[in-house]
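Q: Below you'll find model-v1.tsv; it's TSV, C-alpha atoms and all ligand atoms.
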```
chain	number	residue	atom	x	y	z
X	1	MET	CA	0.00	0.00	0.00
X	2	THR	CA	1.21	3.52	-0.78
X	3	ASP	CA	0.69	6.43	1.60
X	4	ARG	CA	-1.35	8.32	-1.01
X	5	THR	CA	-4.90	9.18	0.00
X	6	ILE	CA	-7.91	10.31	-1.98
X	7	ASP	CA	-8.62	14.06	-2.03
X	8	LEU	CA	-12.39	13.81	-1.61
X	9	ASN	CA	-13.11	17.42	-2.60
X	10	LYS	CA	-11.13	17.09	-5.78
X	11	VAL	CA	-12.62	13.80	-6.91
X	12	ARG	CA	-16.15	15.04	-6.14
X	13	ASN	CA	-15.48	18.26	-8.07
X	14	ASP	CA	-14.30	16.09	-10.96
X	15	THR	CA	-17.58	14.12	-10.88
X	16	PRO	CA	-20.63	16.15	-11.95
X	17	GLY	CA	-23.07	13.36	-11.07
X	18	VAL	CA	-22.50	13.65	-7.33
X	19	SER	CA	-24.39	16.95	-7.29
X	20	ASN	CA	-27.52	15.30	-8.71
X	21	ARG	CA	-27.64	11.95	-7.01
X	22	LEU	CA	-26.48	9.93	-4.08
X	23	HIS	CA	-24.96	7.23	-6.24
X	24	PHE	CA	-24.55	3.83	-4.57
X	25	ASN	CA	-24.86	1.88	-7.81
X	26	ASN	CA	-21.20	1.79	-8.68
X	27	ALA	CA	-21.28	-1.97	-9.21
X	28	GLY	CA	-23.94	-1.26	-11.85
X	29	ALA	CA	-22.23	1.66	-13.57
X	30	ALA	CA	-20.14	4.22	-11.70
X	31	LEU	CA	-20.37	7.97	-12.35
X	32	GLN	CA	-17.85	9.09	-14.93
X	33	PRO	CA	-15.27	11.75	-14.13
X	34	LYS	CA	-15.81	14.81	-16.32
X	35	VAL	CA	-12.55	14.20	-18.20
X	36	VAL	CA	-13.96	10.88	-19.43
X	37	THR	CA	-17.27	12.35	-20.59
X	38	ASP	CA	-15.45	15.25	-22.28
X	39	ALA	CA	-13.15	12.85	-24.15
X	40	VAL	CA	-16.09	10.76	-25.38
X	41	ILE	CA	-18.19	13.75	-26.44
X	42	GLY	CA	-15.15	15.36	-28.05
X	43	HIS	CA	-14.54	12.25	-30.12
X	44	ILE	CA	-18.16	11.94	-31.20
X	45	GLU	CA	-18.19	15.60	-32.19
X	46	LEU	CA	-15.03	15.08	-34.18
X	47	GLU	CA	-16.65	12.10	-35.93
X	48	SER	CA	-19.61	14.29	-36.87
X	49	LYS	CA	-17.30	17.03	-38.20
X	50	ILE	CA	-14.68	15.09	-40.13
X	51	GLY	CA	-15.95	11.50	-40.39
X	52	GLY	CA	-15.67	8.38	-38.24
X	53	TYR	CA	-12.58	6.83	-39.85
X	54	GLU	CA	-10.85	10.19	-40.01
X	55	ALA	CA	-11.60	10.93	-36.33
X	56	GLU	CA	-10.18	7.55	-35.38
X	57	GLU	CA	-7.01	8.37	-37.29
X	58	GLN	CA	-6.71	11.82	-35.73
X	59	ASN	CA	-7.16	10.48	-32.19
X	60	HIS	CA	-5.25	7.26	-32.88
X	61	ASP	CA	-2.45	7.79	-30.37
X	62	LYS	CA	-4.82	8.79	-27.56
X	63	ILE	CA	-7.10	5.81	-28.26
X	64	GLU	CA	-4.14	3.43	-28.35
X	65	MET	CA	-3.25	4.52	-24.82
X	66	VAL	CA	-5.93	2.17	-23.55
X	67	TYR	CA	-3.54	-0.77	-23.99
X	68	GLY	CA	-0.62	0.79	-22.17
X	69	ASN	CA	-2.84	2.13	-19.40
X	70	LEU	CA	-4.48	-1.24	-18.81
X	71	ALA	CA	-1.09	-2.93	-18.90
X	72	LYS	CA	0.11	-0.57	-16.16
X	73	LEU	CA	-2.99	-1.20	-14.08
X	74	LEU	CA	-2.78	-5.00	-14.37
X	75	ASN	CA	1.00	-5.37	-14.51
X	76	CYS	CA	1.13	-7.01	-17.92
X	77	GLN	CA	2.21	-6.11	-21.45
X	78	SER	CA	0.06	-3.99	-23.74
X	79	SER	CA	0.16	-6.82	-26.29
X	80	GLU	CA	-1.73	-8.96	-23.77
X	81	ILE	CA	-4.84	-6.73	-23.83
X	82	ALA	CA	-7.84	-6.94	-26.16
X	83	PHE	CA	-10.49	-4.21	-26.18
X	84	VAL	CA	-13.95	-5.81	-26.21
X	85	GLU	CA	-17.41	-4.30	-25.87
X	86	ASN	CA	-18.23	-5.68	-22.41
X	87	ALA	CA	-17.12	-8.18	-19.81
X	88	THR	CA	-19.46	-10.92	-20.97
X	89	ARG	CA	-18.17	-10.92	-24.55
X	90	ALA	CA	-14.58	-10.70	-23.29
X	91	TRP	CA	-15.16	-13.73	-21.05
X	92	ASP	CA	-17.05	-15.56	-23.82
X	93	MET	CA	-14.25	-14.98	-26.32
X	94	ALA	CA	-11.89	-16.64	-23.88
X	95	PHE	CA	-14.14	-19.46	-22.70
X	96	TYR	CA	-15.61	-20.50	-26.07
X	97	SER	CA	-12.12	-20.50	-27.59
X	98	LEU	CA	-10.76	-23.06	-25.12
X	99	PRO	CA	-10.81	-26.62	-26.42
X	100	LEU	CA	-13.16	-28.64	-24.17
X	101	LYS	CA	-14.06	-32.18	-25.13
X	102	GLN	CA	-16.01	-35.16	-23.82
X	103	GLY	CA	-14.98	-35.97	-20.25
X	104	ASP	CA	-13.14	-32.68	-19.55
X	105	VAL	CA	-14.01	-30.91	-16.32
X	106	VAL	CA	-14.40	-27.19	-15.59
X	107	LEU	CA	-14.15	-26.17	-11.93
X	108	THR	CA	-16.00	-23.09	-10.77
X	109	GLY	CA	-17.41	-21.51	-7.62
X	110	PHE	CA	-20.77	-20.98	-5.96
X	111	ASN	CA	-20.75	-17.29	-6.81
X	112	GLU	CA	-20.25	-17.70	-10.52
X	113	TYR	CA	-22.06	-15.09	-12.58
X	114	ALA	CA	-25.14	-16.30	-14.47
X	115	SER	CA	-23.89	-15.58	-17.99
X	116	ASN	CA	-20.73	-17.59	-17.32
X	117	TYR	CA	-22.64	-20.50	-15.86
X	118	ILE	CA	-25.10	-20.53	-18.77
X	119	ALA	CA	-22.07	-20.73	-21.08
X	120	PHE	CA	-20.70	-23.69	-19.07
X	121	LEU	CA	-24.03	-25.46	-19.41
X	122	GLN	CA	-24.25	-24.75	-23.12
X	123	GLN	CA	-20.72	-25.90	-23.91
X	124	CYS	CA	-20.93	-28.95	-21.67
X	125	ARG	CA	-24.19	-29.97	-23.33
X	126	LYS	CA	-22.56	-29.64	-26.75
X	127	ASN	CA	-19.25	-31.35	-26.13
X	128	GLY	CA	-19.81	-33.66	-23.19
X	129	ALA	CA	-17.60	-31.79	-20.73
X	130	GLU	CA	-18.69	-31.37	-17.13
X	131	VAL	CA	-18.86	-28.39	-14.80
X	132	LYS	CA	-18.22	-28.98	-11.10
X	133	VAL	CA	-18.76	-26.48	-8.32
X	134	VAL	CA	-16.12	-26.17	-5.60
X	135	PRO	CA	-17.68	-25.83	-2.14
X	136	ASN	CA	-17.23	-22.74	-0.01
X	137	ASP	CA	-15.13	-22.57	3.16
X	138	GLU	CA	-16.23	-21.29	6.56
X	139	TYR	CA	-16.04	-17.67	5.32
X	140	GLY	CA	-18.42	-18.36	2.43
X	141	GLN	CA	-15.69	-17.98	-0.20
X	142	LEU	CA	-14.30	-20.63	-2.52
X	143	ASP	CA	-12.52	-23.29	-0.47
X	144	VAL	CA	-9.02	-23.52	-1.93
X	145	LYS	CA	-8.25	-26.83	-0.19
X	146	ALA	CA	-11.41	-28.36	-1.61
X	147	LEU	CA	-10.45	-27.04	-5.04
X	148	LYS	CA	-7.10	-28.79	-4.79
X	149	GLY	CA	-8.81	-32.02	-3.77
X	150	MET	CA	-11.12	-31.92	-6.80
X	151	ILE	CA	-8.36	-31.64	-9.39
X	152	ASP	CA	-7.56	-34.70	-11.47
X	153	ASP	CA	-6.44	-35.51	-15.01
X	154	ARG	CA	-9.81	-34.46	-16.39
X	155	THR	CA	-9.62	-30.91	-15.01
X	156	LYS	CA	-8.98	-28.57	-17.95
X	157	LEU	CA	-10.14	-25.20	-16.69
X	158	ILE	CA	-10.60	-23.27	-13.45
X	159	ALA	CA	-13.04	-20.41	-14.09
X	160	ILE	CA	-13.89	-18.24	-11.11
X	161	THR	CA	-15.68	-14.96	-10.42
X	162	HIS	CA	-13.36	-12.77	-8.34
X	163	VAL	CA	-15.96	-10.44	-6.80
X	164	ALA	CA	-19.53	-11.68	-6.76
X	165	THR	CA	-22.24	-9.57	-8.34
X	166	ASN	CA	-24.45	-10.16	-5.28
X	167	GLY	CA	-22.28	-8.91	-2.43
X	168	GLY	CA	-18.96	-7.97	-0.91
X	169	LEU	CA	-17.33	-11.36	-1.32
X	170	VAL	CA	-13.78	-11.29	-2.71
X	171	ASN	CA	-12.79	-14.81	-3.70
X	172	PRO	CA	-9.18	-15.81	-2.90
X	173	ALA	CA	-8.08	-15.32	-6.51
X	174	LYS	CA	-4.35	-15.50	-5.79
X	175	ALA	CA	-4.53	-18.77	-3.83
X	176	ILE	CA	-6.70	-20.20	-6.63
X	177	GLY	CA	-4.14	-19.03	-9.21
X	178	ASP	CA	-1.36	-20.71	-7.27
X	179	VAL	CA	-3.26	-24.01	-7.40
X	180	ALA	CA	-3.95	-23.58	-11.14
X	181	ALA	CA	-0.25	-22.91	-11.76
X	182	GLU	CA	0.85	-25.86	-9.60
X	183	TYR	CA	-1.27	-28.25	-11.68
X	184	GLY	CA	-0.78	-26.47	-15.02
X	185	ILE	CA	-4.51	-25.81	-15.49
X	186	THR	CA	-5.81	-22.83	-17.46
X	187	TYR	CA	-7.20	-20.16	-15.12
X	188	LEU	CA	-9.92	-17.77	-16.33
X	189	LEU	CA	-10.85	-15.01	-13.90
X	190	ASP	CA	-13.99	-12.90	-14.16
X	191	ALA	CA	-12.73	-9.67	-12.64
X	192	CYS	CA	-15.69	-7.59	-13.82
X	193	GLN	CA	-16.52	-6.29	-10.34
X	194	SER	CA	-12.98	-6.17	-8.94
X	195	VAL	CA	-10.97	-4.22	-11.53
X	196	GLY	CA	-11.02	-0.55	-10.57
X	197	GLN	CA	-11.85	-1.03	-6.91
X	198	MET	CA	-8.86	-3.12	-5.85
X	199	SER	CA	-5.34	-3.86	-6.88
X	200	ILE	CA	-5.18	-6.52	-9.60
X	201	ASP	CA	-1.79	-7.84	-10.59
X	202	VAL	CA	-2.11	-10.64	-13.13
X	203	GLN	CA	1.42	-11.88	-12.42
X	204	GLU	CA	0.65	-12.19	-8.74
X	205	LEU	CA	-2.76	-13.76	-9.40
X	206	ASN	CA	-1.17	-16.22	-11.81
X	207	CYS	CA	-4.12	-16.02	-14.16
X	208	ASP	CA	-4.08	-16.83	-17.87
X	209	LEU	CA	-7.21	-14.97	-18.92
X	210	LEU	CA	-9.06	-12.13	-17.19
X	211	SER	CA	-12.18	-10.26	-18.27
X	212	ALA	CA	-13.66	-6.99	-17.05
X	213	THR	CA	-15.95	-4.16	-18.02
X	214	GLY	CA	-15.34	-0.43	-18.28
X	215	ARG	CA	-18.52	1.04	-16.84
X	216	LYS	CA	-18.33	-0.31	-13.28
X	217	TYR	CA	-15.45	0.47	-10.93
X	218	LEU	CA	-13.27	1.81	-13.76
X	219	ARG	CA	-15.77	4.66	-14.30
X	220	ALA	CA	-15.54	4.38	-18.09
X	221	PRO	CA	-18.41	4.58	-20.61
X	222	ARG	CA	-20.91	1.80	-21.09
X	223	GLY	CA	-20.21	-0.61	-23.93
X	224	THR	CA	-16.52	-0.96	-23.12
X	225	GLY	CA	-14.58	-3.87	-21.66
X	226	PHE	CA	-11.40	-5.86	-22.13
X	227	LEU	CA	-9.78	-9.26	-22.03
X	228	TYR	CA	-6.30	-9.96	-20.70
X	229	VAL	CA	-4.67	-12.92	-22.47
X	230	ARG	CA	-1.33	-14.08	-21.10
X	231	ASN	CA	1.16	-14.26	-23.97
X	232	THR	CA	1.79	-17.95	-23.27
X	233	VAL	CA	-1.89	-18.73	-24.05
X	234	LYS	CA	-1.88	-19.72	-27.71
X	235	VAL	CA	-5.54	-20.56	-28.34
X	236	GLU	CA	-7.20	-19.40	-31.52
X	237	PRO	CA	-10.29	-17.23	-30.96
X	238	VAL	CA	-13.67	-18.80	-31.59
X	239	PHE	CA	-14.46	-15.94	-33.99
X	240	LEU	CA	-12.04	-14.33	-36.40
X	241	ASP	CA	-12.38	-11.33	-38.65
X	242	LEU	CA	-10.02	-9.37	-40.85
X	243	HIS	CA	-8.64	-7.54	-37.80
X	244	ALA	CA	-7.98	-10.74	-35.85
X	245	ALA	CA	-6.52	-12.55	-38.85
X	246	GLN	CA	-5.13	-11.87	-42.31
X	247	TRP	CA	-6.52	-13.58	-45.39
X	248	THR	CA	-3.19	-14.67	-46.83
X	249	SER	CA	-4.31	-16.77	-49.84
X	250	ASN	CA	-7.57	-18.12	-51.24
X	251	THR	CA	-7.38	-21.04	-48.82
X	252	GLU	CA	-5.30	-19.66	-45.95
X	253	TYR	CA	-5.45	-17.16	-43.14
X	254	LYS	CA	-2.99	-16.12	-40.46
X	255	VAL	CA	-4.13	-15.21	-36.96
X	256	ARG	CA	-2.57	-12.27	-35.12
X	257	GLU	CA	-0.26	-13.28	-32.32
X	258	ASP	CA	-1.14	-10.61	-29.77
X	259	ALA	CA	-4.29	-10.44	-27.66
X	260	ARG	CA	-5.97	-8.24	-30.24
X	261	ARG	CA	-6.84	-11.43	-32.11
X	262	PHE	CA	-9.79	-11.50	-29.67
X	263	GLU	CA	-11.04	-8.09	-30.86
X	264	ASN	CA	-13.50	-7.01	-33.55
X	265	TRP	CA	-12.46	-4.74	-36.37
X	266	GLU	CA	-15.35	-2.40	-35.70
X	267	GLN	CA	-15.19	-0.82	-32.28
X	268	ASN	CA	-16.74	1.93	-30.23
X	269	PHE	CA	-13.77	4.29	-30.59
X	270	ALA	CA	-15.30	7.07	-28.50
X	271	GLY	CA	-15.84	4.55	-25.71
X	272	LYS	CA	-12.35	3.14	-26.15
X	273	LEU	CA	-10.92	6.64	-25.78
X	274	GLY	CA	-13.12	7.12	-22.70
X	275	LEU	CA	-11.77	3.90	-21.21
X	276	ALA	CA	-8.20	5.04	-21.86
X	277	VAL	CA	-8.90	8.34	-20.08
X	278	ALA	CA	-10.73	6.64	-17.18
X	279	ILE	CA	-7.76	4.38	-16.51
X	280	GLU	CA	-5.35	7.28	-16.74
X	281	TYR	CA	-7.45	9.09	-14.13
X	282	LEU	CA	-7.38	6.01	-11.90
X	283	LEU	CA	-3.62	5.55	-12.30
X	284	ASP	CA	-3.14	9.18	-11.21
X	285	LEU	CA	-5.12	8.53	-8.03
X	286	GLY	CA	-3.37	5.23	-7.34
X	287	ILE	CA	-5.26	1.95	-7.06
X	288	ASP	CA	-4.01	1.32	-3.50
X	289	ALA	CA	-5.53	4.59	-2.29
X	290	VAL	CA	-8.76	3.76	-4.13
X	291	GLN	CA	-8.96	0.29	-2.60
X	292	GLN	CA	-8.29	1.57	0.88
X	293	ARG	CA	-11.05	4.17	0.67
X	294	VAL	CA	-13.62	1.91	-1.03
X	295	PHE	CA	-13.13	-0.88	1.51
X	296	GLU	CA	-13.26	1.55	4.46
X	297	LEU	CA	-16.43	3.25	3.19
X	298	ALA	CA	-18.09	-0.13	2.64
X	299	LYS	CA	-17.17	-1.21	6.15
X	300	GLN	CA	-18.72	1.97	7.55
X	301	LEU	CA	-21.83	1.31	5.50
X	302	ARG	CA	-22.10	-2.30	6.70
X	303	ASP	CA	-21.60	-1.26	10.32
X	304	LYS	CA	-24.41	1.28	10.07
X	305	LEU	CA	-26.73	-1.03	8.10
X	306	SER	CA	-26.38	-3.77	10.67
X	307	ALA	CA	-27.56	-1.34	13.34
X	308	ILE	CA	-30.87	-0.72	11.53
X	309	ASP	CA	-33.74	-2.72	12.93
X	310	GLY	CA	-34.91	-5.53	10.63
X	311	ILE	CA	-32.00	-5.30	8.17
X	312	THR	CA	-29.88	-8.39	7.44
X	313	LEU	CA	-26.60	-8.15	5.56
X	314	GLY	CA	-25.90	-10.61	2.74
X	315	ASP	CA	-22.14	-10.16	2.38
X	316	VAL	CA	-19.80	-13.06	3.08
X	317	GLY	CA	-16.07	-13.67	2.64
X	318	GLU	CA	-12.89	-13.15	4.62
X	319	VAL	CA	-12.24	-9.96	2.66
X	320	LYS	CA	-15.17	-7.75	1.73
X	321	CYS	CA	-15.14	-5.07	-0.97
X	322	GLY	CA	-17.24	-2.04	-1.91
X	323	ILE	CA	-20.42	-3.97	-2.69
X	324	CYS	CA	-22.92	-4.22	0.17
X	325	THR	CA	-26.10	-6.28	-0.03
X	326	PHE	CA	-28.93	-6.53	2.46
X	327	TYR	CA	-32.62	-7.25	2.87
X	328	SER	CA	-35.34	-6.09	5.20
X	329	ASN	CA	-37.78	-8.26	7.10
X	330	LYS	CA	-40.52	-5.70	6.31
X	331	ILE	CA	-40.17	-4.40	2.75
X	332	PRO	CA	-39.15	-6.29	-0.41
X	333	ALA	CA	-35.87	-5.19	-2.01
X	334	PRO	CA	-37.42	-3.80	-5.25
X	335	ASP	CA	-39.72	-1.55	-3.18
X	336	ILE	CA	-36.79	-0.27	-1.13
X	337	VAL	CA	-34.86	0.51	-4.33
X	338	ASN	CA	-37.87	2.39	-5.73
X	339	GLN	CA	-38.42	4.37	-2.56
X	340	LEU	CA	-34.73	5.29	-2.38
X	341	ALA	CA	-34.84	6.32	-6.06
X	342	ALA	CA	-37.70	8.68	-5.23
X	343	GLU	CA	-35.23	10.42	-2.90
X	344	ASN	CA	-32.54	10.61	-5.63
X	345	ILE	CA	-30.62	7.68	-4.16
X	346	ASN	CA	-29.35	5.13	-6.66
X	347	THR	CA	-29.12	1.46	-5.73
X	348	THR	CA	-30.26	-1.73	-7.39
X	349	TYR	CA	-31.33	-5.18	-6.27
X	350	THR	CA	-29.86	-8.57	-6.89
X	351	THR	CA	-31.77	-11.81	-7.35
X	352	VAL	CA	-31.38	-15.48	-8.14
X	353	ALA	CA	-31.11	-14.48	-11.82
X	354	GLY	CA	-27.51	-13.29	-11.38
X	355	THR	CA	-26.08	-15.85	-8.97
X	356	ARG	CA	-28.46	-18.81	-8.77
X	357	LEU	CA	-26.16	-21.25	-6.98
X	358	ASP	CA	-25.32	-18.90	-4.13
X	359	MET	CA	-28.77	-17.35	-3.74
X	360	THR	CA	-30.48	-20.74	-3.56
X	361	ALA	CA	-27.80	-22.38	-1.35
X	362	ARG	CA	-28.15	-19.55	1.18
X	363	ASN	CA	-31.89	-19.29	0.62
X	364	LEU	CA	-31.63	-15.56	0.07
X	365	PRO	CA	-34.51	-13.29	-1.01
X	366	PRO	CA	-33.85	-10.48	-3.52
X	367	MET	CA	-31.37	-8.13	-1.85
X	368	VAL	CA	-30.73	-4.41	-2.18
X	369	ARG	CA	-27.24	-3.79	-3.56
X	370	ALA	CA	-25.58	-0.58	-2.40
X	371	SER	CA	-22.11	-0.27	-3.87
X	372	VAL	CA	-19.78	2.55	-2.89
X	373	HIS	CA	-16.87	4.15	-4.71
X	374	TYR	CA	-14.04	6.34	-3.46
X	375	TYR	CA	-15.86	9.55	-4.45
X	376	ASN	CA	-18.78	8.76	-2.15
X	377	SER	CA	-18.67	10.60	1.15
X	378	GLU	CA	-19.18	9.63	4.76
X	379	ALA	CA	-22.09	12.11	4.81
X	380	GLU	CA	-23.75	10.15	1.99
X	381	ILE	CA	-23.51	6.98	4.06
X	382	GLU	CA	-25.27	8.79	6.92
X	383	THR	CA	-28.00	10.11	4.62
X	384	PHE	CA	-28.46	6.71	3.02
X	385	CYS	CA	-28.85	4.88	6.32
X	386	ASP	CA	-31.21	7.54	7.73
X	387	GLU	CA	-33.39	7.26	4.64
X	388	LEU	CA	-33.33	3.47	4.74
X	389	ALA	CA	-34.25	3.41	8.41
X	390	ARG	CA	-37.19	5.72	7.64
X	391	ILE	CA	-38.38	3.53	4.73
X	392	CYS	CA	-38.08	0.31	6.75
X	393	ARG	CA	-39.67	1.66	9.91
X	401	LIG	C1	-19.32	-10.77	-11.83
X	401	LIG	C2	-19.81	-10.24	-13.13
X	401	LIG	N1	-19.35	-10.77	-14.27
X	401	LIG	C3	-19.76	-10.33	-15.48
X	401	LIG	C4	-20.68	-9.32	-15.58
X	401	LIG	C5	-21.14	-8.89	-16.95
X	401	LIG	O1	-20.58	-7.68	-17.32
X	401	LIG	P1	-21.08	-6.94	-18.65
X	401	LIG	O2	-22.47	-6.50	-18.37
X	401	LIG	O3	-20.11	-5.81	-18.85
X	401	LIG	O4	-21.01	-7.92	-19.75
X	401	LIG	C6	-21.19	-8.73	-14.43
X	401	LIG	C7	-22.19	-7.64	-14.53
X	401	LIG	O5	-22.81	-7.23	-13.60
X	401	LIG	C8	-20.74	-9.19	-13.17
X	401	LIG	O6	-21.21	-8.66	-12.03
```
What's the structure tokens form of this structure?
Ligand SMILES: Cc1ncc(COP(=O)(O)O)c(C=O)c1O

A:
Amino acid sequence: MTDRTIDLNKVRNDTPGVSNRLHFNNAGAALQPKVVTDAVIGHIELESKIGGYEAEEQNHDKIEMVYGNLAKLLNCQSSEIAFVENATRAWDMAFYSLPLKQGDVVLTGFNEYASNYIAFLQQCRKNGAEVKVVPNDEYGQLDVKALKGMIDDRTKLIAITHVATNGGLVNPAKAIGDVAAEYGITYLLDACQSVGQMSIDVQELNCDLLSATGRKYLRAPRGTGFLYVRNTVKVEPVFLDLHAAQWTSNTEYKVREDARRFENWEQNFAGKLGLAVAIEYLLDLGIDAVQQRVFELAKQLRDKLSAIDGITLGDVGEVKCGICTFYSNKIPAPDIVNQLAAENINTTYTTVAGTRLDMTARNLPPMVRASVHYYNSEAEIETFCDELARICR
């Protein structure tokens, strides 16, 4: 950890949205810093003035910064980054490209995100592979010892969600990566909810493939995301186009060697520029300072929530992040979200649709999800809890 701290006044001044809303839906889409919005609008305006291809060429160097900035954030090489339109497609490009055949086993966790699990089911149905779920430990996070015990010759992939969509749980991604490396098994990490709120070092995590989105904790525009592909991973993407490969003769093609083989030719260049700027902004703040503040704010929020009569927290895990979930014994979660929205307070709710295995195993009702970011204030936590207590009286 560095000794840098977040200058709350500055980051709030940089974030126009905080003057309109109390925004605790950062795990949905965080508020953009003004520099990001300006960059996106500037690029779209340029497109309208001089043409889309011409604008891309003019802003080429700035747009390309997305690779270097992400490489700095994740501690990898820029050639190991692919820009993709969202986390799901980034993850899909990795997963569907991996060769799984009859009898192969994929190991995953109880908190796996619905879209990933649906993909497991689809692929396993098609090719006769099997998905197995590693049990949780006493903290409610993936049990690394149990994972080790489940590995055998059939295990071809460990695919885990780092931070669950339905709460503060941070799975022990590094310990899981160590096991994957020990047994030489491909490790695919869904870091959609963790990138931007905590330090992610792909070397330390030992992961081969990592997917994330721009709009959540990175504070980038919607419709942006990326895939990290370790340069030792040589798989050919499930889809190729003329950007991912070259048509070298009437019967031949040659796939790019870098991670951009997982990209499309056509991209949202304004969004890509916005993502580059958002990461630059984050790198200036320092991810350690961000993590420290997000985790502290979330702890304050959980402490106050647990003091409200009739509220039960849903967060598990030895380490808990900026996502807080809870339910009331009086009012259903969707009603709470609506009533908070009427007071200009943004939250959302999480249901079995996103994390079926965990929600059913713990027999959880729909839960309100209040997710904080470093630009939220202690005063907002007070206001939020006062309002919630009033609603749930
Ligand atoms: C854990 C996790 N993985 C993946 C996704 C999907 O991200 P996207 O909507 O960018 O495809 C989400 C979205 O909430 C998520 O929470």

Q: Using all atoms listed in the file, can you list as number ranges by chain the residues within 10 Å of (-17.4, -23.3, -7.1)?

A: X: 106-112, 131-136, 141-144, 146-147, 158-161, 357-358

Q: Return as an MDAnalysis selection string the residues of protein, DNA or RNA that approach ligand LIG 401 (chain X) to within 10 Å, with all atoms listed in the file taken into account.

A: chainID X and resid 27:29 84:92 111:116 160:167 189:194 211:216 222:226 350 354:355

Q: Which residues, written as a list in words, have at least one atom at most 8 Å from segment 182-186 of chain X, with all atoms listed in the file counted and residues fewer than 3 positions away on the same chain left out?

A: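 Answer for this query is Thr155, Lys156, Leu157, Ile158, Asp178, Val179, Cys207 and Asp208 of chain X.
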
Q: Kindly give the distance, in Å, that separates atom CA of Gln203 of chain X and atom CA of Tyr96 of chain X, rounded to a single decimal.

A: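 Distance between the two atoms: 23.5 Å.
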
Q: Which residue out of X:Tyr375, X:Tyr187, X:Phe384, X:Phe239 has the minimum interatomic distance to Asn26 of chain X when all atoms listed in the file are used?

A: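 Distance minimum relative to Asn26 of chain X lands on X:Tyr375.
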
Q: Go through X:Cys124, X:Leu313, X:Ile391, X:Ile63 one by one, measure the shortest atom-to-atom distance of each to Pro99 of chain X using all atoms listed in the file, and give the residue with the smallest value.

A: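 Under the stated criterion, the closest residue is X:Cys124.
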
Q: Would you compute the distance between atom CA of Met65 of chain X and atom CA of Arg230 of chain X? Give it in Å to one decimal.

A: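 Taking atom CA of Met65 of chain X as the start and atom CA of Arg230 of chain X as the end point, the length is 19.1 Å.
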
Q: Select, from X:Ala119, X:Val372, X:Val352, X:Val40, the residue with the minimum atom-to-atom distance to Gly322 of chain X, counting only C-alpha atoms.

A: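 Of the candidates, the smallest distance to Gly322 of chain X is held by X:Val372.
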
Q: I want to know what sits within 12 Å of segment 283-290 of chain X, based on all atoms listed in the file, with residues of the same chain fewer than 4 positions away left out; could you give that as a VMD selection string?

A: chain X and resid 1 to 8 10 to 11 66 68 to 74 194 to 201 217 to 218 276 to 279 294 to 297 321 to 322 372 to 376

Q: Grab the residues selected above and save them as a CSV table (one decimal), in the frame of the given file with C-alpha atoms.

A:
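Dumped everything to selection-v7.csv:
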```csv
chain,number,residue,atom,x,y,z
X,1,MET,CA,0.0,0.0,0.0
X,2,THR,CA,1.2,3.5,-0.8
X,3,ASP,CA,0.7,6.4,1.6
X,4,ARG,CA,-1.4,8.3,-1.0
X,5,THR,CA,-4.9,9.2,0.0
X,6,ILE,CA,-7.9,10.3,-2.0
X,7,ASP,CA,-8.6,14.1,-2.0
X,8,LEU,CA,-12.4,13.8,-1.6
X,10,LYS,CA,-11.1,17.1,-5.8
X,11,VAL,CA,-12.6,13.8,-6.9
X,66,VAL,CA,-5.9,2.2,-23.6
X,68,GLY,CA,-0.6,0.8,-22.2
X,69,ASN,CA,-2.8,2.1,-19.4
X,70,LEU,CA,-4.5,-1.2,-18.8
X,71,ALA,CA,-1.1,-2.9,-18.9
X,72,LYS,CA,0.1,-0.6,-16.2
X,73,LEU,CA,-3.0,-1.2,-14.1
X,74,LEU,CA,-2.8,-5.0,-14.4
X,194,SER,CA,-13.0,-6.2,-8.9
X,195,VAL,CA,-11.0,-4.2,-11.5
X,196,GLY,CA,-11.0,-0.6,-10.6
X,197,GLN,CA,-11.8,-1.0,-6.9
X,198,MET,CA,-8.9,-3.1,-5.8
X,199,SER,CA,-5.3,-3.9,-6.9
X,200,ILE,CA,-5.2,-6.5,-9.6
X,201,ASP,CA,-1.8,-7.8,-10.6
X,217,TYR,CA,-15.4,0.5,-10.9
X,218,LEU,CA,-13.3,1.8,-13.8
X,276,ALA,CA,-8.2,5.0,-21.9
X,277,VAL,CA,-8.9,8.3,-20.1
X,278,ALA,CA,-10.7,6.6,-17.2
X,279,ILE,CA,-7.8,4.4,-16.5
X,294,VAL,CA,-13.6,1.9,-1.0
X,295,PHE,CA,-13.1,-0.9,1.5
X,296,GLU,CA,-13.3,1.6,4.5
X,297,LEU,CA,-16.4,3.2,3.2
X,321,CYS,CA,-15.1,-5.1,-1.0
X,322,GLY,CA,-17.2,-2.0,-1.9
X,372,VAL,CA,-19.8,2.6,-2.9
X,373,HIS,CA,-16.9,4.2,-4.7
X,374,TYR,CA,-14.0,6.3,-3.5
X,375,TYR,CA,-15.9,9.6,-4.4
X,376,ASN,CA,-18.8,8.8,-2.2
```
